[in-house]
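Contents: one structure, followed by commentary.
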Amino acid sequence: MIRYECLELLAAKMTDQLVVTSQSGQRIEWSHLSRHEGNLLVGMMGCAIGVGTGLALALPHRKVIVLDSDGSVLLSLFNLATLGNLQPKNLVIYVFDNGVYSGSRISYPTATSGNTDLAAMAQGAGIKNAVTIRGIEDFKKTGLGALEQHQMAFVVCKVKESLLHREIPRPNTDLAENKYTFVRYLERTEGKTNSFIGRG
Amino acid sequence: MQEELANRLVRSLKGAGVNFVTYLPETRLSQIVPLIRDDAEMTLIGAANEQEAVTIAAGATLGGKQAAVYMENTGIFVSSYSLLAVGKQLGVPLLLIIGYLGGVPDQRNSFLYATLGNRTIPVLEGLGIEHMVLVDGDRLEAKIKDAARAANALRSPFALLFAGEFSE
C-alpha cells in the first residue's frame with residue numbers, strides 16, 4: 001500500500017469536509033488529487049493536527065480530516081494527550097506512516113521503523129478509536145469507514161515509501177491565498193462572515 | 001492578582017470579542033481560568049503545551065472564532081515555531097494573554113525567571129509580533145480592544161504581557 005492510492009480513494013469521498021494537511025509528501029499528493037476549496041495546506045510539519053483540532057472544535061457540525069505523516073506526528077506528540085481527552089467526534093486523522101523521513105531525500109528512518117507504534121501511543125493517550133491499517137483493502141473498509149462514524153478516529157496507515165510526490169508538481173498556491181480561499185469557502189458554506197477578515 | 005482585576009480582564013476579553021481561549025496555566029493570571037470556564041459564551045481548551053495551544057487557537061480562528069492563547073511568557077519560547085509556521089505564515093490573528101514572569105515589572109521576579117523574562121520582548125520582536133506591557137488596570141478594557149483590533153488588522157498574533165499589579 002502506498003499513500004497516493006489511499007489519497008485517491010479518499011479524494012473520491014470528498015464533499016463538504018474540511019481537510020488540513022501538514023508538509024510534505026501528503027500535502028503535495030493531496031493538492032494534486034484535490035482542488036477542493038475546503039483544503040488547508042499548512043506549510044510546515046507538526047502543526048496540522050492542532051489546526052484541525054481547532055477547526056473541529058469551532059465547527060462541530062463539520063467533518064474535519066487531517067492528513068499527516070509519522071515524522072510530523074513525532075514532532076507533535078503532545079497532541080495525542082490533548083486529543084485523548086477532547087476526542088472531537090467530527091475529527092478524523094490519517095497518519096501515513098512510511099517509517100522514513102522521505103522529504104529529507106536520504107530516507108532516514110523514523111522511530112516508527114523501529115519499536116515505536118503510533119496507534120498504541122494514541123491509545124495510551126486516551127484516544128479510543130486508534131487503529132493501524134496495513135493493506136489497501138483494510139483502508140477501503142476501516143480507513144474510509146472512519147469518515148462515516150460519529151467518533152474521532154486516529155488511523156495510522158502503514159505505507160511503503162513512495163517517491164511519487166517528487167514527480168508531481170508542487171502546489172503553487174501561496175499560503176495566504178490558500179487561507180483566504182479556505183476562509184471564503186467557509187463563509188459561503190457556513191453563511192456567516194469570518195470576524196477577522198475585516199473591511200478594507 | 002486581585003479578584004476584581006481578574007474579573008475585569010475576562011470581561012475585557014469578552015468585550016473585545018474573544019470567545020475561544022486555549023491555555024496552559026501559570027501563576028500570575030491563573031484566576032481567569034475558572035472565570036472563562038464558567039462563562040457559557042466562551043470556550044476554554046486546555047493544551048499540553050503552548051505550541052499546541054497556538055495551533056488549536058489558529059484553527060478555531062480560521063473556523064470563525066475570535067481566539068486568544070493564555071500562557072506564561074516561557075511559552076513564547078516553546079511556541080515560537082507555531083507562532084511563525086501558522087500565526088505569521090498563514091496570517092492568523094490571535095491575542096496572546098501572557099503572564100510576564102521575570103520582566104522588570106514582575107512583582108514576584110526572582111533568579112528563577114529573570115533570564116527568560118529578560119529575553120521575552122527581544123524574542124517577540126524577532127518573531128515580528130507586536131506587544132503591549134500592562135502593569136495595572138488603567139484603561140484595561142480599551143487596551144485589550146486596541147490589541148484585538150491590531151491583531152485583526154495585522155493578521156498576526158499580538159502579545160499582551162501582564163505584570164505589575166497583575167503579578168501581585
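As shown in the C-alpha cells, the chain order sets the letters A, B, ...; within each chain, residues go from 1, and ligands are also counted from 1 in the order they appear.
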
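Among the residues of segment 61-173 of chain A, backbone DSSP assigns strand (DSSP E) to A:Val64, A:Ile65, A:Val66, A:Leu67, A:Asp68, A:Ser69, A:Leu91, A:Val92, A:Ile93, A:Tyr94, A:Val95, A:Phe96, A:Asp97, A:Val100, A:Tyr101, A:Tyr108, A:Pro109, A:Ala130, A:Val131, A:Thr132, A:Ile133, A:Ala153, A:Phe154, A:Val155, A:Val156, A:Cys157, A:Lys158.
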
What lies within 9 Å of segment 16-25 of chain A using only C-alpha atoms, ignoring chain neighbours under 3 positions off, as number ranges by chain?
-> A: 3, 28-30, 36-49, 51-52, 55, 62-69, 72, 102-103, 163-166, 182, 189

Mind writing the picked residues with C-alpha atoms as a tab-separated table (two decimals), in the first residue's frame?
```tsv
chain	number	residue	atom	x	y	z
A	3	ARG	CA	0.00	6.80	0.32
A	28	ILE	CA	1.93	17.59	-2.49
A	29	GLU	CA	-0.06	14.50	-3.41
A	30	TRP	CA	-3.33	15.74	-1.92
A	36	HIS	CA	-11.34	21.42	-3.13
A	37	GLU	CA	-11.70	24.87	-1.58
A	38	GLY	CA	-12.00	23.22	1.82
A	39	ASN	CA	-8.34	22.15	1.68
A	40	LEU	CA	-5.93	23.95	4.00
A	41	LEU	CA	-2.36	23.09	3.07
A	42	VAL	CA	-0.35	24.00	6.16
A	43	GLY	CA	3.21	24.66	5.11
A	44	MET	CA	5.14	23.12	7.99
A	45	MET	CA	5.34	19.83	9.88
A	46	GLY	CA	3.87	19.34	13.34
A	47	CYS	CA	1.01	21.85	13.12
A	48	ALA	CA	-1.78	20.20	11.12
A	49	ILE	CA	-3.33	18.20	13.96
A	51	VAL	CA	-5.09	23.40	13.42
A	52	GLY	CA	-7.51	20.59	12.54
A	55	LEU	CA	-11.37	23.78	13.32
A	62	ARG	CA	-18.41	19.83	10.00
A	63	LYS	CA	-16.23	16.79	9.39
A	64	VAL	CA	-12.57	17.74	9.66
A	65	ILE	CA	-9.88	15.50	8.17
A	66	VAL	CA	-6.18	15.79	8.93
A	67	LEU	CA	-3.60	14.22	6.60
A	68	ASP	CA	-0.35	13.79	8.46
A	69	SER	CA	2.84	11.73	8.49
A	72	SER	CA	5.10	15.15	11.65
A	102	SER	CA	11.20	10.77	2.96
A	103	GLY	CA	11.27	14.52	2.41
A	163	LEU	CA	8.83	8.79	-4.29
A	164	LEU	CA	5.85	9.66	-6.46
A	165	HIS	CA	5.43	13.03	-4.76
A	166	ARG	CA	8.80	14.08	-6.13
A	182	PHE	CA	-10.44	28.29	2.58
A	189	THR	CA	-20.95	27.25	3.31
```

Check which residues of chain A sit at most 9 Å from chain B using only C-alpha atoms, and return one row each with the closest pair of atoms and their distance in Å to one decimal, ordered by chain and rising number, as JSON lines.
```
{"residue": "A:Val42", "atom": "CA", "partner": "B:Val86", "partner_atom": "CA", "distance": 7.5}
{"residue": "A:Gly43", "atom": "CA", "partner": "B:Ala85", "partner_atom": "CA", "distance": 7.1}
{"residue": "A:Met44", "atom": "CA", "partner": "B:Ala85", "partner_atom": "CA", "distance": 6.1}
{"residue": "A:Met45", "atom": "CA", "partner": "B:Ala85", "partner_atom": "CA", "distance": 8.7}
{"residue": "A:Gly46", "atom": "CA", "partner": "B:Ser82", "partner_atom": "CA", "distance": 8.5}
{"residue": "A:Cys47", "atom": "CA", "partner": "B:Thr55", "partner_atom": "CA", "distance": 6.2}
{"residue": "A:Ala48", "atom": "CA", "partner": "B:Thr55", "partner_atom": "CA", "distance": 7.9}
{"residue": "A:Ile49", "atom": "CA", "partner": "B:Thr55", "partner_atom": "CA", "distance": 8.1}
{"residue": "A:Gly50", "atom": "CA", "partner": "B:Ile56", "partner_atom": "CA", "distance": 4.6}
{"residue": "A:Val51", "atom": "CA", "partner": "B:Gly59", "partner_atom": "CA", "distance": 4.0}
{"residue": "A:Gly52", "atom": "CA", "partner": "B:Gly59", "partner_atom": "CA", "distance": 6.1}
{"residue": "A:Thr53", "atom": "CA", "partner": "B:Ile56", "partner_atom": "CA", "distance": 5.8}
{"residue": "A:Gly54", "atom": "CA", "partner": "B:Gly59", "partner_atom": "CA", "distance": 4.1}
{"residue": "A:Leu55", "atom": "CA", "partner": "B:Gly59", "partner_atom": "CA", "distance": 4.7}
{"residue": "A:Ala56", "atom": "CA", "partner": "B:Ala60", "partner_atom": "CA", "distance": 7.8}
{"residue": "A:Leu57", "atom": "CA", "partner": "B:Ala60", "partner_atom": "CA", "distance": 6.9}
{"residue": "A:Ala58", "atom": "CA", "partner": "B:Ala60", "partner_atom": "CA", "distance": 5.1}
{"residue": "A:Leu59", "atom": "CA", "partner": "B:Gly63", "partner_atom": "CA", "distance": 6.4}
{"residue": "A:Ser76", "atom": "CA", "partner": "B:Glu52", "partner_atom": "CA", "distance": 7.9}
{"residue": "A:Phe78", "atom": "CA", "partner": "B:Ala48", "partner_atom": "CA", "distance": 5.7}
{"residue": "A:Asn79", "atom": "CA", "partner": "B:Glu52", "partner_atom": "CA", "distance": 6.8}
{"residue": "A:Ala81", "atom": "CA", "partner": "B:Ala48", "partner_atom": "CA", "distance": 7.0}
{"residue": "A:Thr82", "atom": "CA", "partner": "B:Ala47", "partner_atom": "CA", "distance": 6.0}
{"residue": "A:Leu86", "atom": "CA", "partner": "B:Ile45", "partner_atom": "CA", "distance": 8.6}
{"residue": "A:Leu175", "atom": "CA", "partner": "B:Leu90", "partner_atom": "CA", "distance": 5.9}
{"residue": "A:Ala176", "atom": "CA", "partner": "B:Leu90", "partner_atom": "CA", "distance": 5.4}
{"residue": "A:Glu177", "atom": "CA", "partner": "B:Leu90", "partner_atom": "CA", "distance": 8.9}
{"residue": "A:Asn178", "atom": "CA", "partner": "B:Leu90", "partner_atom": "CA", "distance": 8.7}
{"residue": "A:Lys179", "atom": "CA", "partner": "B:Leu90", "partner_atom": "CA", "distance": 6.6}
{"residue": "A:Phe182", "atom": "CA", "partner": "B:Leu62", "partner_atom": "CA", "distance": 8.4}
{"residue": "A:Val183", "atom": "CA", "partner": "B:Leu62", "partner_atom": "CA", "distance": 6.4}
{"residue": "A:Leu186", "atom": "CA", "partner": "B:Gly63", "partner_atom": "CA", "distance": 7.4}
{"residue": "A:Glu187", "atom": "CA", "partner": "B:Gly64", "partner_atom": "CA", "distance": 8.5}
{"residue": "A:Lys192", "atom": "CA", "partner": "B:Gly64", "partner_atom": "CA", "distance": 8.5}
{"residue": "A:Thr193", "atom": "CA", "partner": "B:Gly64", "partner_atom": "CA", "distance": 7.7}
{"residue": "A:Asn194", "atom": "CA", "partner": "B:Gly64", "partner_atom": "CA", "distance": 4.8}
{"residue": "A:Ser195", "atom": "CA", "partner": "B:Gly64", "partner_atom": "CA", "distance": 6.3}
{"residue": "A:Phe196", "atom": "CA", "partner": "B:Asn152", "partner_atom": "CA", "distance": 5.4}
{"residue": "A:Ile197", "atom": "CA", "partner": "B:Asn152", "partner_atom": "CA", "distance": 7.6}
{"residue": "A:Gly198", "atom": "CA", "partner": "B:Asn152", "partner_atom": "CA", "distance": 7.4}
```

Keeping only C-alpha atoms, write the selected residues to a file as an mmCIF file, in the first residue's frame.
```cif
data_model
loop_
_atom_site.group_PDB
_atom_site.id
_atom_site.type_symbol
_atom_site.label_atom_id
_atom_site.label_comp_id
_atom_site.auth_asym_id
_atom_site.auth_seq_id
_atom_site.Cartn_x
_atom_site.Cartn_y
_atom_site.Cartn_z
ATOM 1 C CA VAL A 42 -0.348 24.001 6.160
ATOM 2 C CA GLY A 43 3.212 24.665 5.112
ATOM 3 C CA MET A 44 5.143 23.118 7.985
ATOM 4 C CA MET A 45 5.336 19.829 9.879
ATOM 5 C CA GLY A 46 3.874 19.345 13.344
ATOM 6 C CA CYS A 47 1.013 21.853 13.118
ATOM 7 C CA ALA A 48 -1.776 20.197 11.124
ATOM 8 C CA ILE A 49 -3.330 18.195 13.961
ATOM 9 C CA GLY A 50 -3.534 21.289 16.166
ATOM 10 C CA VAL A 51 -5.091 23.399 13.417
ATOM 11 C CA GLY A 52 -7.506 20.589 12.545
ATOM 12 C CA THR A 53 -8.464 20.239 16.208
ATOM 13 C CA GLY A 54 -9.228 23.954 16.441
ATOM 14 C CA LEU A 55 -11.374 23.778 13.319
ATOM 15 C CA ALA A 56 -13.204 20.716 14.605
ATOM 16 C CA LEU A 57 -13.957 22.455 17.910
ATOM 17 C CA ALA A 58 -15.060 25.683 16.235
ATOM 18 C CA LEU A 59 -17.262 23.872 13.704
ATOM 19 C CA SER A 76 3.911 16.991 17.924
ATOM 20 C CA PHE A 78 1.695 16.352 22.752
ATOM 21 C CA ASN A 79 -1.382 16.447 20.508
ATOM 22 C CA ALA A 81 -2.666 13.629 25.134
ATOM 23 C CA THR A 82 -4.921 16.576 24.368
ATOM 24 C CA LEU A 86 -11.074 16.119 23.919
ATOM 25 C CA LEU A 175 -0.160 30.077 1.837
ATOM 26 C CA ALA A 176 -2.105 33.320 2.291
ATOM 27 C CA GLU A 177 -4.021 32.684 -0.950
ATOM 28 C CA ASN A 178 -4.914 29.197 0.257
ATOM 29 C CA LYS A 179 -6.041 30.590 3.615
ATOM 30 C CA PHE A 182 -10.444 28.292 2.575
ATOM 31 C CA VAL A 183 -11.989 31.036 4.717
ATOM 32 C CA LEU A 186 -16.275 28.507 4.947
ATOM 33 C CA GLU A 187 -18.052 31.864 4.796
ATOM 34 C CA LYS A 192 -21.552 33.901 8.100
ATOM 35 C CA THR A 193 -18.629 36.255 7.785
ATOM 36 C CA ASN A 194 -15.377 35.322 9.440
ATOM 37 C CA SER A 195 -14.730 38.025 12.003
ATOM 38 C CA PHE A 196 -11.059 38.505 11.278
ATOM 39 C CA ILE A 197 -11.372 39.194 7.580
ATOM 40 C CA GLY A 198 -12.459 42.741 8.318
#
```

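Proximity of A:Ile106, A:Val92, A:Asp70, A:His32 to Leu144 of chain A, computed with only C-alpha atoms, is greatest for A:Val92.
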
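Residues with any atom within 8 Å of Tyr70 of chain B, counting only C-alpha atoms and excluding same-chain neighbours fewer than 3 positions away, are Val21, Thr22, Tyr23, Leu24, Pro25, Leu96, Ile97 and Ile98 of chain B.
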
Might you pull out every residue within 8 Å of Glu165 of chain B, with only C-alpha atoms counted and same-chain residues fewer than 4 positions away left off, and present them as an mmCIF file with N, CA and C atoms, in the first residue's frame?
```
data_model
loop_
_atom_site.group_PDB
_atom_site.id
_atom_site.type_symbol
_atom_site.label_atom_id
_atom_site.label_comp_id
_atom_site.auth_asym_id
_atom_site.auth_seq_id
_atom_site.Cartn_x
_atom_site.Cartn_y
_atom_site.Cartn_z
ATOM 1 N N MET B 1 -2.942 38.601 41.670
ATOM 2 C CA MET B 1 -3.906 39.490 41.028
ATOM 3 C C MET B 1 -5.196 39.492 41.855
ATOM 4 N N GLN B 107 6.214 41.602 39.903
ATOM 5 C CA GLN B 107 6.316 41.822 41.353
ATOM 6 C C GLN B 107 6.794 40.583 42.099
ATOM 7 N N VAL B 135 0.671 46.955 33.313
ATOM 8 C CA VAL B 135 1.117 46.830 34.706
ATOM 9 C C VAL B 135 0.009 47.169 35.704
ATOM 10 N N ASP B 136 -1.105 47.695 35.225
ATOM 11 C CA ASP B 136 -2.232 47.987 36.120
ATOM 12 C C ASP B 136 -3.529 47.971 35.308
ATOM 13 N N GLY B 137 -4.640 48.214 36.000
ATOM 14 C CA GLY B 137 -5.940 48.117 35.342
ATOM 15 C C GLY B 137 -6.393 49.378 34.641
#
```

Segment 32-141 of chain B: residues DSSP assigns to alpha helix (DSSP H), reported as a PyMOL selection string = chain B and resi 32-37+50-62+74-82+114-127+140-141

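Picture a line from atom CA of Ala120 of chain A to atom CA of Val156 of chain A; it runs 9.9 Å.
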